Each structure stands twice: as C-alpha cells, then as structure tokens.
>>> print(open('query-v1.pdb').read())   # PDB, C-alpha atoms
ATOM      1  CA  MET I 219      -1.623  -8.482  28.528
ATOM      2  CA  THR I 220      -0.046  -6.988  25.412
ATOM      3  CA  SER I 221      -0.604  -8.758  22.100
ATOM      4  CA  GLN I 222       2.088  -9.485  19.542
ATOM      5  CA  PHE I 223       0.506  -6.884  17.239
ATOM      6  CA  GLU I 224       0.600  -4.236  19.970
ATOM      7  CA  GLU I 225       4.277  -5.015  20.563
ATOM      8  CA  LEU I 226       4.905  -4.691  16.834
ATOM      9  CA  LEU I 227       3.161  -1.293  16.783
ATOM     10  CA  LYS I 228       5.233  -0.182  19.760
ATOM     11  CA  ALA I 229       8.472  -1.196  17.997
ATOM     12  CA  LEU I 230       7.353   0.496  14.773
ATOM     13  CA  GLY I 231       6.423   3.611  16.729
ATOM     14  CA  LYS I 232       9.955   3.837  18.140
ATOM     15  CA  ILE I 233      11.348   3.828  14.586
ATOM     16  CA  PHE I 234       8.894   6.477  13.384
ATOM     17  CA  ASN I 235       9.103   8.410  16.670
ATOM     18  CA  LEU I 236       5.331   8.076  17.128
ATOM     19  CA  SER I 237       3.032   6.571  19.712
ATOM     20  CA  LEU I 238       1.158   3.896  17.753
ATOM     21  CA  GLN I 239      -1.840   2.075  19.206
ATOM     22  CA  MET I 240      -4.683  -0.078  18.014
ATOM     23  CA  ASP I 241      -8.060   1.588  17.614
ATOM     24  CA  GLN I 242     -11.490   0.085  18.448
ATOM     25  CA  SER I 243     -11.315  -1.957  15.215
ATOM     26  CA  HIS I 244      -7.977  -3.449  16.283
ATOM     27  CA  ALA I 245      -6.223  -1.537  13.477
ATOM     28  CA  CYS I 246      -3.727   1.315  13.330
ATOM     29  CA  SER I 247      -3.821   4.044  10.701
ATOM     30  CA  LEU I 248      -0.751   6.054   9.741
ATOM     31  CA  ARG I 249      -1.533   9.309   7.979
ATOM     32  CA  ILE I 250       1.493   9.870   5.803
ATOM     33  CA  HIS I 251       0.262  13.098   4.261
ATOM     34  CA  GLU I 252      -3.039  14.665   3.264
ATOM     35  CA  ASN I 253      -3.653  12.214   0.413
ATOM     36  CA  PHE I 254      -2.173   8.998   1.779
ATOM     37  CA  THR I 255      -3.075   6.915   4.813
ATOM     38  CA  ILE I 256      -1.828   3.396   5.508
ATOM     39  CA  GLN I 257      -3.786   1.030   7.711
ATOM     40  CA  LEU I 258      -2.198  -1.865   9.598
ATOM     41  CA  GLN I 259      -4.408  -4.666  10.842
ATOM     42  CA  LEU I 260      -4.271  -8.335  11.726
ATOM     43  CA  ASP I 261      -6.155 -10.885   9.655
ATOM     44  CA  PRO I 262      -8.954 -12.871  11.381
ATOM     45  CA  THR I 263      -6.541 -15.715  12.246
ATOM     46  CA  GLN I 264      -4.179 -13.157  13.834
ATOM     47  CA  GLU I 265      -1.289 -14.761  11.956
ATOM     48  CA  HIS I 266      -0.743 -12.064   9.307
ATOM     49  CA  CYS I 267      -0.370  -8.315   9.382
ATOM     50  CA  TRP I 268      -2.214  -6.579   6.563
ATOM     51  CA  ILE I 269      -1.048  -3.271   5.110
ATOM     52  CA  PHE I 270      -3.764  -1.415   3.197
ATOM     53  CA  SER I 271      -4.249   1.976   1.577
ATOM     54  CA  LYS I 272      -6.671   3.659  -0.768
ATOM     55  CA  ILE I 273      -4.735   5.371  -3.540
ATOM     56  CA  VAL I 274      -7.023   7.398  -5.743
ATOM     57  CA  GLU I 275     -10.520   7.507  -7.182
ATOM     58  CA  VAL I 276     -10.662   6.289 -10.781
ATOM     59  CA  PRO I 277     -13.952   7.236 -12.474
ATOM     60  CA  PRO I 278     -15.647   4.872 -14.949
ATOM     61  CA  GLY I 279     -14.557   4.936 -18.565
ATOM     62  CA  LYS I 280     -11.734   3.984 -20.893
ATOM     63  CA  PHE I 281      -9.124   5.594 -18.636
ATOM     64  CA  ARG I 282     -10.146   3.304 -15.749
ATOM     65  CA  GLU I 283     -10.019   0.276 -18.069
ATOM     66  CA  ASN I 284      -6.472   1.231 -19.045
ATOM     67  CA  VAL I 285      -5.477   1.756 -15.403
ATOM     68  CA  PHE I 286      -6.873  -1.694 -14.570
ATOM     69  CA  GLN I 287      -4.864  -3.278 -17.399
ATOM     70  CA  GLU I 288      -1.694  -1.732 -16.001
ATOM     71  CA  THR I 289      -2.454  -2.744 -12.411
ATOM     72  CA  LEU I 290      -3.132  -6.312 -13.548
ATOM     73  CA  LYS I 291       0.305  -6.329 -15.182
ATOM     74  CA  ALA I 292       1.819  -5.042 -11.946
ATOM     75  CA  ASN I 293      -0.051  -7.708  -9.957
ATOM     76  CA  GLY I 294       1.383 -10.352 -12.299
ATOM     77  CA  GLN I 295       4.974  -9.514 -11.415
ATOM     78  CA  ALA I 296       6.982 -12.056  -9.486
ATOM     79  CA  ASP I 297       7.166 -11.916  -5.708
ATOM     80  CA  PRO I 298       8.301 -10.274  -3.606
ATOM     81  CA  ARG I 299       5.962  -7.445  -4.500
ATOM     82  CA  PRO I 300       5.644  -4.537  -2.090
ATOM     83  CA  ALA I 301       1.919  -4.254  -2.817
ATOM     84  CA  ILE I 302      -1.004  -5.816  -4.659
ATOM     85  CA  PHE I 303      -3.636  -3.690  -6.375
ATOM     86  CA  CYS I 304      -7.354  -4.017  -5.731
ATOM     87  CA  TYR I 305     -10.429  -1.959  -6.519
ATOM     88  CA  LEU I 306     -13.177  -0.736  -4.198
ATOM     89  CA  SER I 307     -16.249  -0.487  -6.423
ATOM     90  CA  GLN I 308     -18.384   1.304  -3.808
ATOM     91  CA  THR I 309     -16.101   4.353  -3.952
ATOM     92  CA  ASN I 310     -14.357   3.851  -7.332
ATOM     93  CA  GLN I 311     -11.058   3.730  -5.427
ATOM     94  CA  LEU I 312      -7.904   2.010  -6.555
ATOM     95  CA  ALA I 313      -6.243   0.559  -3.469
ATOM     96  CA  LEU I 314      -3.180  -1.423  -2.413
ATOM     97  CA  TYR I 315      -2.664  -4.170   0.107
ATOM     98  CA  GLN I 316      -0.081  -6.696   1.206
ATOM     99  CA  LYS I 317       0.192  -9.183   4.040
ATOM    100  CA  TYR I 318       3.126 -10.528   5.995
ATOM    101  CA  PRO I 319       3.345 -13.346   8.546
ATOM    102  CA  LEU I 320       3.194 -11.693  11.955
ATOM    103  CA  SER I 321       5.732 -14.167  13.328
ATOM    104  CA  THR I 322       8.428 -12.822  10.954
ATOM    105  CA  LEU I 323       7.862  -9.121  11.612
ATOM    106  CA  ASN I 324       9.677  -6.692  13.828
ATOM    107  CA  GLY I 325       9.612  -2.897  13.853
ATOM    108  CA  GLU I 326      12.547  -2.544  11.485
ATOM    109  CA  ASN I 327      11.425  -4.857   8.723
ATOM    110  CA  LEU I 328       7.827  -3.643   8.949
ATOM    111  CA  ALA I 329       9.091  -0.063   8.540
ATOM    112  CA  GLY I 330      10.959  -1.203   5.423
ATOM    113  CA  PHE I 331       7.862  -2.925   4.033
ATOM    114  CA  ILE I 332       5.801   0.201   4.713
ATOM    115  CA  GLY I 333       8.405   2.329   2.938
ATOM    116  CA  ALA I 334       8.301   0.157  -0.194
ATOM    117  CA  PHE I 335       4.486   0.044  -0.030
ATOM    118  CA  LEU I 336       4.316   3.816   0.291
ATOM    119  CA  GLN I 337       6.655   4.308  -2.650
ATOM    120  CA  VAL I 338       4.453   2.171  -4.918
ATOM    121  CA  GLY I 339       1.291   3.915  -3.745
ATOM    122  CA  GLU I 340       2.641   7.413  -4.199
ATOM    123  CA  LEU I 341       4.061   6.668  -7.664
ATOM    124  CA  TRP I 342       0.731   5.323  -8.863
ATOM    125  CA  GLN I 343      -1.269   8.067  -7.176
ATOM    126  CA  LYS I 344       0.859  10.778  -8.789
ATOM    127  CA  ALA I 345       0.641   9.132 -12.218
ATOM    128  CA  ILE I 346      -3.131   8.676 -12.156
ATOM    129  CA  VAL I 347      -3.839  12.163 -10.812
ATOM    130  CA  SER I 348      -1.716  13.564 -13.648
ATOM    131  CA  GLY I 349      -3.684  11.574 -16.252
ATOM    132  CA  GLN I 350      -1.259   8.698 -16.801
ATOM    133  CA  VAL I 351      -2.507   5.113 -16.581
ATOM    134  CA  ALA I 352       0.677   4.010 -14.776
ATOM    135  CA  PRO I 353       3.908   5.518 -13.501
ATOM    136  CA  PRO I 354       6.817   5.524 -15.931
ATOM    137  CA  SER I 355       8.737   2.282 -15.745
ATOM    138  CA  ILE I 356      12.040   2.442 -13.938
ATOM    139  CA  ASN I 357      13.463   0.232 -16.675
ATOM    140  CA  ASP I 358      11.956   2.343 -19.465
ATOM    141  CA  SER I 359      14.658   2.618 -22.109
ATOM    142  CA  ASN I 360      12.789   5.449 -23.811
ATOM    143  CA  PRO I 361      12.359   8.135 -21.138
ATOM    144  CA  PHE I 362      10.943  10.690 -23.580
ATOM    145  CA  GLY I 363       8.118   8.461 -24.862
ATOM    146  CA  LEU I 364       9.337   8.582 -28.465
ATOM    147  CA  LYS I 365       7.838   6.039 -30.845
TER     148      LYS I 365
END
>>> encode(input="query-v1.pdb", output="structure tokens")
Amino acid sequence: MTSQFEELLKALGKIFNLSLQMDQSHACSLRIHENFTIQLQLDPTQEHCWIFSKIVEVPPGKFRENVFQETLKANGQADPRPAIFCYLSQTNQLALYQKYPLSTLNGENLAGFIGAFLQVGELWQKAIVSGQVAPPSINDSNPFGLK
C-alpha cells in the first residue's frame, strides 16, 4: 500500500523528472547542488510535510549575533513565509524549515514551495559566506549602501 507521502513524492518526482522515494528514515533528500540539500519528511502525526535544510555554518562571535538578529527579523515577518530560520548548536549551522498540511499538497504546489524555500536559503547562504549578516533587501531603496 502506498502512503499519501509516497504519492506526493511520486508527483513531485514527475515535475522534477526524478525518481523520488522515501529512505529508511521515511524522509527524502533532494541534493540541489554541492552546498544545498533539502529534506522532505512527515511530522510524527503524519499530517504535515516538513521541508528542512542546513544553510551554512556560522561560527561564534559578534558576526553570528548579528546574523541571528537578522534571522529573528525575518522570522517575525507576516505569513506566508517560505521558510523559518533555526539554529543547530551542535554543528553551528543556520538552518531553515517550513511545514505544510499534507492534505493540501500536490506535486505542483510542493514544487512551488520548494522553489521559494530554495531561493531564501540560497540568498542567505550566499550573503553569509560573503561576510554579510543578511542578503540585501529586495525593497532596499539604497542599493549602494550609502549613509
């Protein structure tokens, strides 16, 4: 018998032209590129699909404090948000997650959610790796950083 999550992975796989299956942990990882992997998994109640990804290691210090301030601001934005920031202290990793009711998902809308999630993750990853505490704001009226 095929589960609703397996059917969702099959539909998503058709969109991405991939064969997607659950692993032994009942999750599915999508390696987007060398530095970005997204994991899909059901919550314990099997009512929500979680999207999760580690973004980048952020070492201790003032820079990390500033990154956290910016991610807290991002987490405070109104819904719908494509992703919510979290921190994995064991590995000093900034990460993203989001959950969606499984009953509302199909391959198409999950692909769209993954696309928005990926965009947020890559923007933040690129910014932090380049020494910025956050990506430039899309609505930034001062693109050259003049004060």
>>> resolve_selection(input="query-v1.pdb", expression="the PyMOL selection byres ((chain I and resi 269-277) around 6)", output="PyMOL selection string")
chain I and resi 256-258+268+278+282+310-316+343
>>> residues_around(input="query-v1.pdb", residues="segment 292-296 of chain I", least_positions_apart="3", cutoff="12 Å", atoms="all atoms listed in the file", output="VMD selection string")
chain I and resid 285 to 289 299 to 304 314 to 316 338 342 351 to 353 355
>>> closest_residue(input="query-v1.pdb", among="I:Gln337, I:Asn235, I:Asn253, I:Thr263", to="Gly325 of chain I", atoms="only C-alpha atoms")
I:Asn235
>>> resolve_selection(input="query-v1.pdb", expression="the PyMOL selection byres ((chain I and resi 246) around 12)", output="ChimeraX atom specification")
/I:223-224,226-228,230-231,236-245,247-249,255-260,267-271
>>> atom_distance(input="query-v1.pdb", atom1="atom CA of Pro319 of chain I", atom2="atom CA of Ile332 of chain I")
14.3 Å
>>> residues_around(input="query-v1.pdb", residues="Ser321 of chain I", least_positions_apart="2", cutoff="9 Å", atoms="all atoms listed in the file", output="list in words")
Gln222, Glu265, His266, Tyr318, Pro319, Leu323 and Asn324 of chain I
>>> atom_distance(input="query-v1.pdb", atom1="atom CA of Asp297 of chain I", atom2="atom CA of Val347 of chain I")
27.0 Å
>>> closest_residue(input="query-v1.pdb", among="I:Phe254, I:Leu320, I:Tyr305, I:Glu326", to="Glu283 of chain I", atoms="all atoms listed in the file")
I:Tyr305
>>> atom_distance(input="query-v1.pdb", atom1="atom CA of Leu306 of chain I", atom2="atom CA of Ser348 of chain I")
20.6 Å
>>> closest_residue(input="query-v1.pdb", among="I:Gln264, I:Phe234, I:Gln350, I:Glu252", to="Lys317 of chain I", atoms="only C-alpha atoms")
I:Gln264
